[in-house]
$ cat structure35.txt   # compact mmCIF, C-alpha atoms
# COMPACT_ATOMS: atom_id res chain seq x y z
CA MET V 1 105.64 72.68 83.64
CA ALA V 2 104.03 74.10 86.74
CA SER V 3 102.03 71.66 88.83
CA SER V 4 98.25 72.00 88.62
CA GLU V 5 97.92 70.46 92.07
CA GLN V 6 98.10 73.71 93.98
CA ALA V 7 95.86 74.84 96.79
CA LEU V 8 92.69 76.66 95.87
CA PRO V 9 92.87 80.41 96.54
CA ALA V 10 91.23 81.32 99.86
CA PHE V 11 88.46 83.35 98.21
CA VAL V 12 87.52 80.44 95.94
CA ARG V 13 87.37 78.04 98.90
CA LEU V 14 85.19 80.41 100.87
CA ALA V 15 82.87 81.71 98.16
CA ALA V 16 82.35 78.38 96.36
CA HIS V 17 80.20 77.01 99.19
CA THR V 18 76.52 77.60 98.36
CA LEU V 19 75.46 78.88 101.78
CA ARG V 20 78.51 81.10 102.19
CA TRP V 21 77.88 82.60 98.76
CA ARG V 22 74.28 83.33 99.82
CA LEU V 23 75.55 85.04 102.96
CA LEU V 24 78.02 87.11 100.94
CA THR V 25 75.36 88.23 98.47
CA GLU V 26 72.95 89.24 101.24
CA LEU V 27 75.66 91.18 103.10
CA ALA V 28 76.66 92.90 99.86
CA VAL V 29 73.40 94.87 100.18
CA GLY V 30 73.96 96.07 103.75
CA ASP V 31 74.73 95.10 107.34
CA LEU V 32 72.58 92.38 108.88
CA ARG V 33 72.15 90.43 112.11
CA VAL V 34 72.30 86.65 112.40
CA ARG V 35 68.55 86.22 112.77
CA GLU V 36 67.97 88.30 109.65
CA LEU V 37 70.46 86.22 107.69
CA MET V 38 68.77 83.04 108.96
CA THR V 39 65.50 84.22 107.44
CA LEU V 40 67.06 85.31 104.16
CA VAL V 41 69.05 82.13 103.52
CA GLY V 42 66.64 79.69 105.19
CA ALA V 43 69.19 78.06 107.48
CA PRO V 44 69.33 77.48 111.27
CA GLN V 45 71.37 79.69 113.59
CA ASN V 46 74.15 77.20 114.29
CA LEU V 47 74.81 76.74 110.57
CA VAL V 48 74.68 80.47 109.77
CA SER V 49 76.97 81.30 112.70
CA TYR V 50 79.44 78.59 111.69
CA HIS V 51 79.78 79.87 108.13
CA LEU V 52 79.91 83.49 109.28
CA ARG V 53 82.84 82.54 111.50
CA LEU V 54 84.65 81.06 108.49
CA LEU V 55 84.02 84.23 106.49
CA ARG V 56 85.30 86.34 109.39
CA ASP V 57 88.40 84.16 109.74
CA GLY V 58 88.97 84.65 106.02
CA GLY V 59 88.81 88.43 106.40
CA LEU V 60 85.80 88.89 104.13
CA VAL V 61 83.27 89.69 106.86
CA THR V 62 83.52 91.76 110.04
CA ALA V 63 81.16 92.12 113.00
CA THR V 64 80.34 95.10 115.23
CA ARG V 65 78.34 95.12 118.44
CA SER V 66 74.95 96.77 118.03
CA SER V 67 74.67 100.15 119.73
CA HIS V 68 70.93 99.49 120.14
CA ASP V 69 71.22 96.07 121.79
CA GLY V 70 74.67 95.18 123.06
CA ARG V 71 73.77 91.48 123.02
CA ASP V 72 73.47 91.58 119.25
CA SER V 73 75.96 92.14 116.40
CA TYR V 74 75.81 93.41 112.85
CA TYR V 75 77.79 91.60 110.17
CA ARG V 76 79.36 93.54 107.32
CA LEU V 77 80.95 92.50 104.05
CA ASP V 78 84.37 94.06 103.40
CA LEU V 79 84.06 94.80 99.68
CA ASP V 80 87.61 96.11 99.38
CA ARG V 81 88.98 92.87 100.82
CA CYS V 82 86.73 90.92 98.46
CA ALA V 83 88.13 92.84 95.49
CA GLN V 84 91.69 92.12 96.62
CA ALA V 85 90.88 88.44 97.17
CA LEU V 86 89.26 88.19 93.74
CA ALA V 87 92.36 89.74 92.18
CA GLY V 88 94.55 87.25 94.03
CA ALA V 89 92.42 84.36 92.79
CA GLY V 90 92.72 85.65 89.23
CA ALA V 91 96.50 85.96 89.51
CA ALA V 92 96.69 82.38 90.78
CA LEU V 93 94.99 81.26 87.57
CA HIS V 94 97.04 83.38 85.16
CA PRO V 95 99.40 86.37 85.52
CA ALA V 96 97.34 88.36 83.00
CA LEU V 97 94.47 88.36 85.50
CA ARG V 98 96.52 90.04 88.23
CA GLY V 99 95.33 93.35 89.61
CA VAL V 100 92.23 94.85 91.20
CA PRO V 101 89.76 96.06 88.55
CA GLU V 102 89.21 99.79 88.32
CA PRO V 103 85.87 101.05 89.64
CA PRO V 104 83.36 101.86 86.91
CA ALA V 105 83.41 105.39 85.57
CA PRO V 106 80.51 107.59 86.71
CA PRO V 107 77.65 107.78 84.23
CA PRO V 108 77.28 110.94 82.14
CA ARG V 109 73.88 111.42 83.74
CA TRP V 110 72.82 109.91 87.03
CA PRO V 111 69.31 108.43 87.33
CA ARG V 112 66.72 110.68 88.96
CA LEU V 113 66.90 109.21 92.44
CA SER V 114 66.23 110.41 95.96
CA VAL V 115 68.30 109.11 98.89
CA LEU V 116 67.75 109.63 102.62
CA PHE V 117 70.44 109.05 105.25
CA ALA V 118 69.33 108.73 108.88
CA CYS V 119 71.04 108.62 112.27
CA THR V 120 70.12 109.81 115.76
CA GLY V 121 71.38 113.38 116.03
CA ASN V 122 71.78 114.24 112.33
CA SER V 123 74.89 116.15 113.36
CA ALA V 124 77.70 113.89 112.10
CA ARG V 125 77.17 110.51 110.43
CA SER V 126 74.12 111.15 108.27
CA PRO V 127 75.01 114.72 107.14
CA VAL V 128 78.53 113.47 106.32
CA ALA V 129 76.99 110.74 104.14
CA GLU V 130 74.64 113.28 102.58
CA ALA V 131 77.48 115.64 101.71
CA LEU V 132 79.73 112.90 100.33
CA LEU V 133 77.05 111.37 98.10
CA ARG V 134 76.09 114.80 96.77
CA HIS V 135 79.78 115.47 96.10
CA HIS V 136 80.42 112.16 94.31
CA THR V 137 77.34 112.51 92.10
CA ALA V 138 77.95 116.21 91.33
CA GLY V 139 74.57 117.05 92.85
CA GLN V 140 72.67 114.99 90.27
CA VAL V 141 71.18 112.66 92.89
CA THR V 142 68.72 114.22 95.32
CA VAL V 143 70.04 113.47 98.78
CA THR V 144 69.06 114.58 102.26
CA SER V 145 69.52 113.45 105.86
CA ALA V 146 67.66 113.64 109.16
CA GLY V 147 67.68 112.26 112.69
CA SER V 148 65.30 110.76 115.23
CA ARG V 149 66.56 113.12 117.94
CA PRO V 150 68.29 115.97 116.12
CA ALA V 151 71.06 117.83 117.90
CA ALA V 152 71.06 121.57 118.34
CA ARG V 153 73.91 122.05 115.86
CA MET V 154 76.34 120.25 113.61
CA ASN V 155 79.23 118.41 115.24
CA PRO V 156 82.18 120.81 114.72
CA HIS V 157 84.56 117.89 114.14
CA ALA V 158 82.39 116.62 111.28
CA VAL V 159 82.46 120.10 109.75
CA ARG V 160 86.23 120.28 110.11
CA VAL V 161 86.96 116.81 108.73
CA LEU V 162 84.80 117.36 105.65
CA ARG V 163 86.33 120.76 105.00
CA GLU V 164 89.96 119.76 105.50
CA GLN V 165 89.96 116.30 103.92
CA TYR V 166 87.26 116.53 101.26
CA GLY V 167 86.89 120.25 100.53
CA ILE V 168 83.20 120.18 101.48
CA ASP V 169 81.65 122.87 103.68
CA ILE V 170 78.56 122.01 105.75
CA ALA V 171 79.07 124.67 108.42
CA ASP V 172 75.74 126.37 107.62
CA ARG V 173 73.70 123.17 107.76
CA ARG V 174 71.27 122.55 110.63
CA PRO V 175 70.10 119.14 111.93
CA ARG V 176 66.51 118.21 111.03
CA HIS V 177 63.96 115.72 112.37
CA LEU V 178 62.88 112.66 110.43
CA ASP V 179 59.25 113.60 111.02
CA THR V 180 59.66 116.63 108.75
CA LEU V 181 60.24 114.26 105.81
CA ARG V 182 57.28 111.90 106.26
CA ASP V 183 55.58 113.17 103.11
CA ARG V 184 58.71 112.78 100.98
CA ARG V 185 59.30 109.89 98.58
CA PHE V 186 62.71 108.20 98.64
CA ASP V 187 64.25 105.55 96.42
CA TYR V 188 66.77 104.60 99.11
CA VAL V 189 66.61 104.95 102.89
CA ILE V 190 70.01 104.28 104.46
CA THR V 191 70.29 104.10 108.24
CA LEU V 192 73.72 104.60 109.80
CA CYS V 193 72.67 104.15 113.43
CA ASP V 194 71.47 100.90 115.00
CA LYS V 195 68.98 102.77 117.17
CA VAL V 196 67.46 104.67 114.25
CA ARG V 197 67.11 101.45 112.27
CA GLU V 198 64.62 100.29 114.89
CA SER V 199 62.60 103.53 114.93
CA CYS V 200 62.90 105.08 111.46
CA PRO V 201 59.49 106.06 110.03
CA GLU V 202 58.09 104.19 107.04
CA PHE V 203 58.50 105.90 103.70
CA GLY V 204 56.25 103.66 101.64
CA ASP V 205 56.85 100.37 99.86
CA HIS V 206 58.85 102.04 97.12
CA ALA V 207 61.97 102.76 99.19
CA ARG V 208 64.87 100.33 99.28
CA TRP V 209 66.21 100.00 102.83
CA ILE V 210 69.92 99.60 103.59
CA HIS V 211 71.67 99.60 106.97
CA TRP V 212 75.26 100.68 107.60
CA SER V 213 76.09 99.94 111.24
CA THR V 214 78.31 102.92 112.07
CA PRO V 215 79.27 103.53 115.73
CA ASP V 216 78.60 107.03 117.05
CA PRO V 217 81.95 108.85 116.82
CA ALA V 218 80.83 111.32 119.49
CA ALA V 219 80.90 108.45 121.99
CA ALA V 220 84.48 107.48 121.14
CA GLY V 221 86.10 109.11 124.18
CA ARG V 222 86.16 112.02 126.57
CA SER V 223 88.75 114.20 124.86
CA GLU V 224 88.25 116.38 121.80
CA GLN V 225 91.20 114.62 120.16
CA ASP V 226 89.48 111.24 120.57
CA VAL V 227 86.25 112.51 119.04
CA HIS V 228 88.04 114.18 116.14
CA ALA V 229 90.01 111.02 115.38
CA ALA V 230 86.84 108.95 115.55
CA LEU V 231 85.10 111.37 113.18
CA GLY V 232 87.98 111.03 110.74
CA ARG V 233 87.72 107.24 110.80
CA ALA V 234 83.93 107.29 110.50
CA THR V 235 84.07 109.73 107.58
CA ALA V 236 86.62 107.60 105.74
CA ASP V 237 84.47 104.52 106.32
CA ILE V 238 81.32 106.29 105.11
CA ASP V 239 83.18 107.51 102.03
CA THR V 240 84.17 103.91 101.25
CA ARG V 241 80.55 102.87 101.62
CA ILE V 242 79.45 105.70 99.33
CA ARG V 243 81.96 104.63 96.67
CA HIS V 244 80.56 101.11 96.79
CA LEU V 245 77.02 102.49 96.57
CA LEU V 246 77.67 104.55 93.43
CA PRO V 247 77.58 101.63 90.92
CA VAL V 248 74.34 100.44 92.56
CA LEU V 249 72.72 103.84 92.15
CA ALA V 250 73.96 104.13 88.56
CA GLN V 251 72.16 100.88 87.69
CA THR V 252 68.92 101.69 89.54
CA PRO V 253 65.98 102.19 87.16
CA GLU V 254 64.17 105.48 87.57
CA ALA V 255 60.72 105.20 89.10
CA HIS V 256 57.86 106.50 87.01
CA SER V 257 54.83 107.54 89.00

$ encode --input "structure35.txt" --output "structure tokens"
Amino acid sequence: MASSEQALPAFVRLAAHTLRWRLLTELAVGDLRVRELMTLVGAPQNLVSYHLRLLRDGGLVTATRSSHDGRDSYYRLDLDRCAQALAGAGAALHPALRGVPEPPAPPPRWPRLSVLFACTGNSARSPVAEALLRHHTAGQVTVTSAGSRPAARMNPHAVRVLREQYGIDIADRRPRHLDTLRDRRFDYVITLCDKVRESCPEFGDHARWIHWSTPDPAAAGRSEQDVHAALGRATADIDTRIRHLLPVLAQTPEAHS
């Protein structure tokens, strides 16, 4: 008979703590700073920072330096790692529970929702997110993007990456300013740039706000090869975020005005 006195799986040890579970659930919505997490969980900075460090050491949470204020950092929950850790915990309990669960199938009809993605130039990150969400929802979710300081044209590397790796063509798209959308109603406003998060216009109390702290790939290096590689990484990361967003959108009730 196998001994029952075996070590708890790492995910169970980490997630079973009440405060760490609160931190995980808040970060499951979007990227947040320490002071924001302090407010949400009602705990002092030293305690929040301590438990965030444990979650980072356990591989469930990562941190990136804010591009708006280099003295600050955004914390992000790695949902793929969480899924793997959950599967490992299940396998430790019983072999029949081994394996990462399949993502839910897309609904036959998506809710009538409107989503806005925002970054600074609206030439790479936010139009990439716009195109990927439209692609994954077969155009059934209304999605657009804009920037606080729109560039003159689309980033050619973003156009190339989407065309070559995802079969999506955005070559004819032109960056637009956030101010042109002030009269629009959105169910979700998702900022991908730390600077835009601080300056994005209000879109009413109805909108749900989410932040994805995504470094500007255009600032990745001096060479075209560096920028293209950074765009590829950013696009893959945004696509992962979109895939995690899909079940949330599918369960969002439609607003009735």

$ residues_around --input "structure35.txt" --residues "segment 200-209 of chain V" --least-positions-apart "4" --cutoff "9 Å" --atoms "only C-alpha atoms" --output "list in words"
Gly30, Val115, Ala118, Cys119, Gly147, Ser148, Leu178, Asp179, Leu181, Arg182, Asp183, Arg184, Arg185, Phe186, Asp187, Tyr188, Val189, Ile190, Thr191, Lys195, Val196 and Ala255 of chain V

$ residues_around --input "structure35.txt" --residues "Ala219 of chain V" --least-positions-apart "6" --cutoff "10 Å" --atoms "only C-alpha atoms" --output "PyMOL selection string"
chain V and resi 226-227+230

$ residues_around --input "structure35.txt" --residues "Thr142 of chain V" --least-positions-apart "3" --cutoff "10 Å" --atoms "only C-alpha atoms" --output "list in words"
Pro111, Arg112, Leu113, Ser114, Val115, Leu116, Glu130, Leu133, Arg134, Thr137, Gly139, Phe186 and Asp187 of chain V

$ residues_around --input "structure35.txt" --residues "segment 124-128 of chain V" --least-positions-apart "4" --cutoff "8 Å" --atoms "only C-alpha atoms" --output "list of chain:residue names"
V:Phe117, V:Ala118, V:Cys119, V:Leu132, V:Thr144, V:Ser145, V:Ala146, V:Gly147, V:Met154, V:Asn155, V:Ala158, V:Leu162, V:Leu192, V:Thr214, V:Asp216, V:Leu231, V:Ala234, V:Thr235, V:Ile238

$ closest_residue --input "structure35.txt" --among "V:Val12, V:Leu93, V:Ala129, V:Leu77" --to "Asp31 of chain V" --atoms "all atoms listed in the file"
V:Leu77

$ residues_around --input "structure35.txt" --residues "Ala10 of chain V" --least-positions-apart "6" --cutoff "12 Å" --atoms "all atoms listed in the file" --output "list in words"
Ala16, His17, Leu54, Leu55, Asp57, Gly58, Gly59, Leu60, Arg81, Cys82, Gln84, Ala85, Leu86, Ala87, Gly88, Ala89, Gly90 and Ala92 of chain V

$ atom_distance --input "structure35.txt" --atom1 "atom CA of Glu224 of chain V" --atom2 "atom CA of Arg163 of chain V"
17.5 Å

$ atom_distance --input "structure35.txt" --atom1 "atom CA of Asp78 of chain V" --atom2 "atom CA of Trp110 of chain V"
25.5 Å

$ build_atoms --input "structure35.txt" --residues "segment 152-168 of chain V" --atoms "N, CA and C atoms" --output "PDB file, in the frame of the given file"
ATOM      1  N   ALA V 152      71.281 120.138 118.493  1.00  0.00           N
ATOM      2  CA  ALA V 152      71.060 121.570 118.340  1.00  0.00           C
ATOM      3  C   ALA V 152      71.887 122.155 117.202  1.00  0.00           C
ATOM      4  N   ARG V 153      73.034 121.531 116.913  1.00  0.00           N
ATOM      5  CA  ARG V 153      73.910 122.050 115.860  1.00  0.00           C
ATOM      6  C   ARG V 153      74.776 120.936 115.313  1.00  0.00           C
ATOM      7  N   MET V 154      75.451 121.225 114.212  1.00  0.00           N
ATOM      8  CA  MET V 154      76.340 120.250 113.610  1.00  0.00           C
ATOM      9  C   MET V 154      77.534 119.967 114.535  1.00  0.00           C
ATOM     10  N   ASN V 155      78.023 118.743 114.500  1.00  0.00           N
ATOM     11  CA  ASN V 155      79.230 118.410 115.240  1.00  0.00           C
ATOM     12  C   ASN V 155      80.409 119.156 114.594  1.00  0.00           C
ATOM     13  N   PRO V 156      81.110 120.011 115.330  1.00  0.00           N
ATOM     14  CA  PRO V 156      82.180 120.810 114.720  1.00  0.00           C
ATOM     15  C   PRO V 156      83.306 119.954 114.140  1.00  0.00           C
ATOM     16  N   HIS V 157      83.522 118.766 114.679  1.00  0.00           N
ATOM     17  CA  HIS V 157      84.560 117.890 114.140  1.00  0.00           C
ATOM     18  C   HIS V 157      84.154 117.348 112.780  1.00  0.00           C
ATOM     19  N   ALA V 158      82.865 117.060 112.591  1.00  0.00           N
ATOM     20  CA  ALA V 158      82.390 116.620 111.280  1.00  0.00           C
ATOM     21  C   ALA V 158      82.573 117.724 110.245  1.00  0.00           C
ATOM     22  N   VAL V 159      82.276 118.955 110.642  1.00  0.00           N
ATOM     23  CA  VAL V 159      82.460 120.100 109.750  1.00  0.00           C
ATOM     24  C   VAL V 159      83.924 120.238 109.369  1.00  0.00           C
ATOM     25  N   ARG V 160      84.793 120.099 110.356  1.00  0.00           N
ATOM     26  CA  ARG V 160      86.230 120.280 110.110  1.00  0.00           C
ATOM     27  C   ARG V 160      86.795 119.172 109.230  1.00  0.00           C
ATOM     28  N   VAL V 161      86.431 117.925 109.507  1.00  0.00           N
ATOM     29  CA  VAL V 161      86.960 116.810 108.730  1.00  0.00           C
ATOM     30  C   VAL V 161      86.538 116.923 107.269  1.00  0.00           C
ATOM     31  N   LEU V 162      85.272 117.237 107.027  1.00  0.00           N
ATOM     32  CA  LEU V 162      84.800 117.360 105.650  1.00  0.00           C
ATOM     33  C   LEU V 162      85.487 118.512 104.925  1.00  0.00           C
ATOM     34  N   ARG V 163      85.698 119.597 105.632  1.00  0.00           N
ATOM     35  CA  ARG V 163      86.330 120.760 105.000  1.00  0.00           C
ATOM     36  C   ARG V 163      87.804 120.490 104.684  1.00  0.00           C
ATOM     37  N   GLU V 164      88.523 119.930 105.665  1.00  0.00           N
ATOM     38  CA  GLU V 164      89.960 119.760 105.500  1.00  0.00           C
ATOM     39  C   GLU V 164      90.337 118.587 104.611  1.00  0.00           C
ATOM     40  N   GLN V 165      89.572 117.505 104.647  1.00  0.00           N
ATOM     41  CA  GLN V 165      89.960 116.300 103.920  1.00  0.00           C
ATOM     42  C   GLN V 165      89.223 116.106 102.606  1.00  0.00           C
ATOM     43  N   TYR V 166      88.056 116.747 102.462  1.00  0.00           N
ATOM     44  CA  TYR V 166      87.260 116.530 101.260  1.00  0.00           C
ATOM     45  C   TYR V 166      86.875 117.829 100.554  1.00  0.00           C
ATOM     46  N   GLY V 167      87.226 118.969 101.137  1.00  0.00           N
ATOM     47  CA  GLY V 167      86.890 120.250 100.530  1.00  0.00           C
ATOM     48  C   GLY V 167      85.413 120.535 100.475  1.00  0.00           C
ATOM     49  N   ILE V 168      84.655 120.005 101.431  1.00  0.00           N
ATOM     50  CA  ILE V 168      83.200 120.180 101.480  1.00  0.00           C
ATOM     51  C   ILE V 168      82.845 120.988 102.716  1.00  0.00           C
TER      52      ILE V 168
END
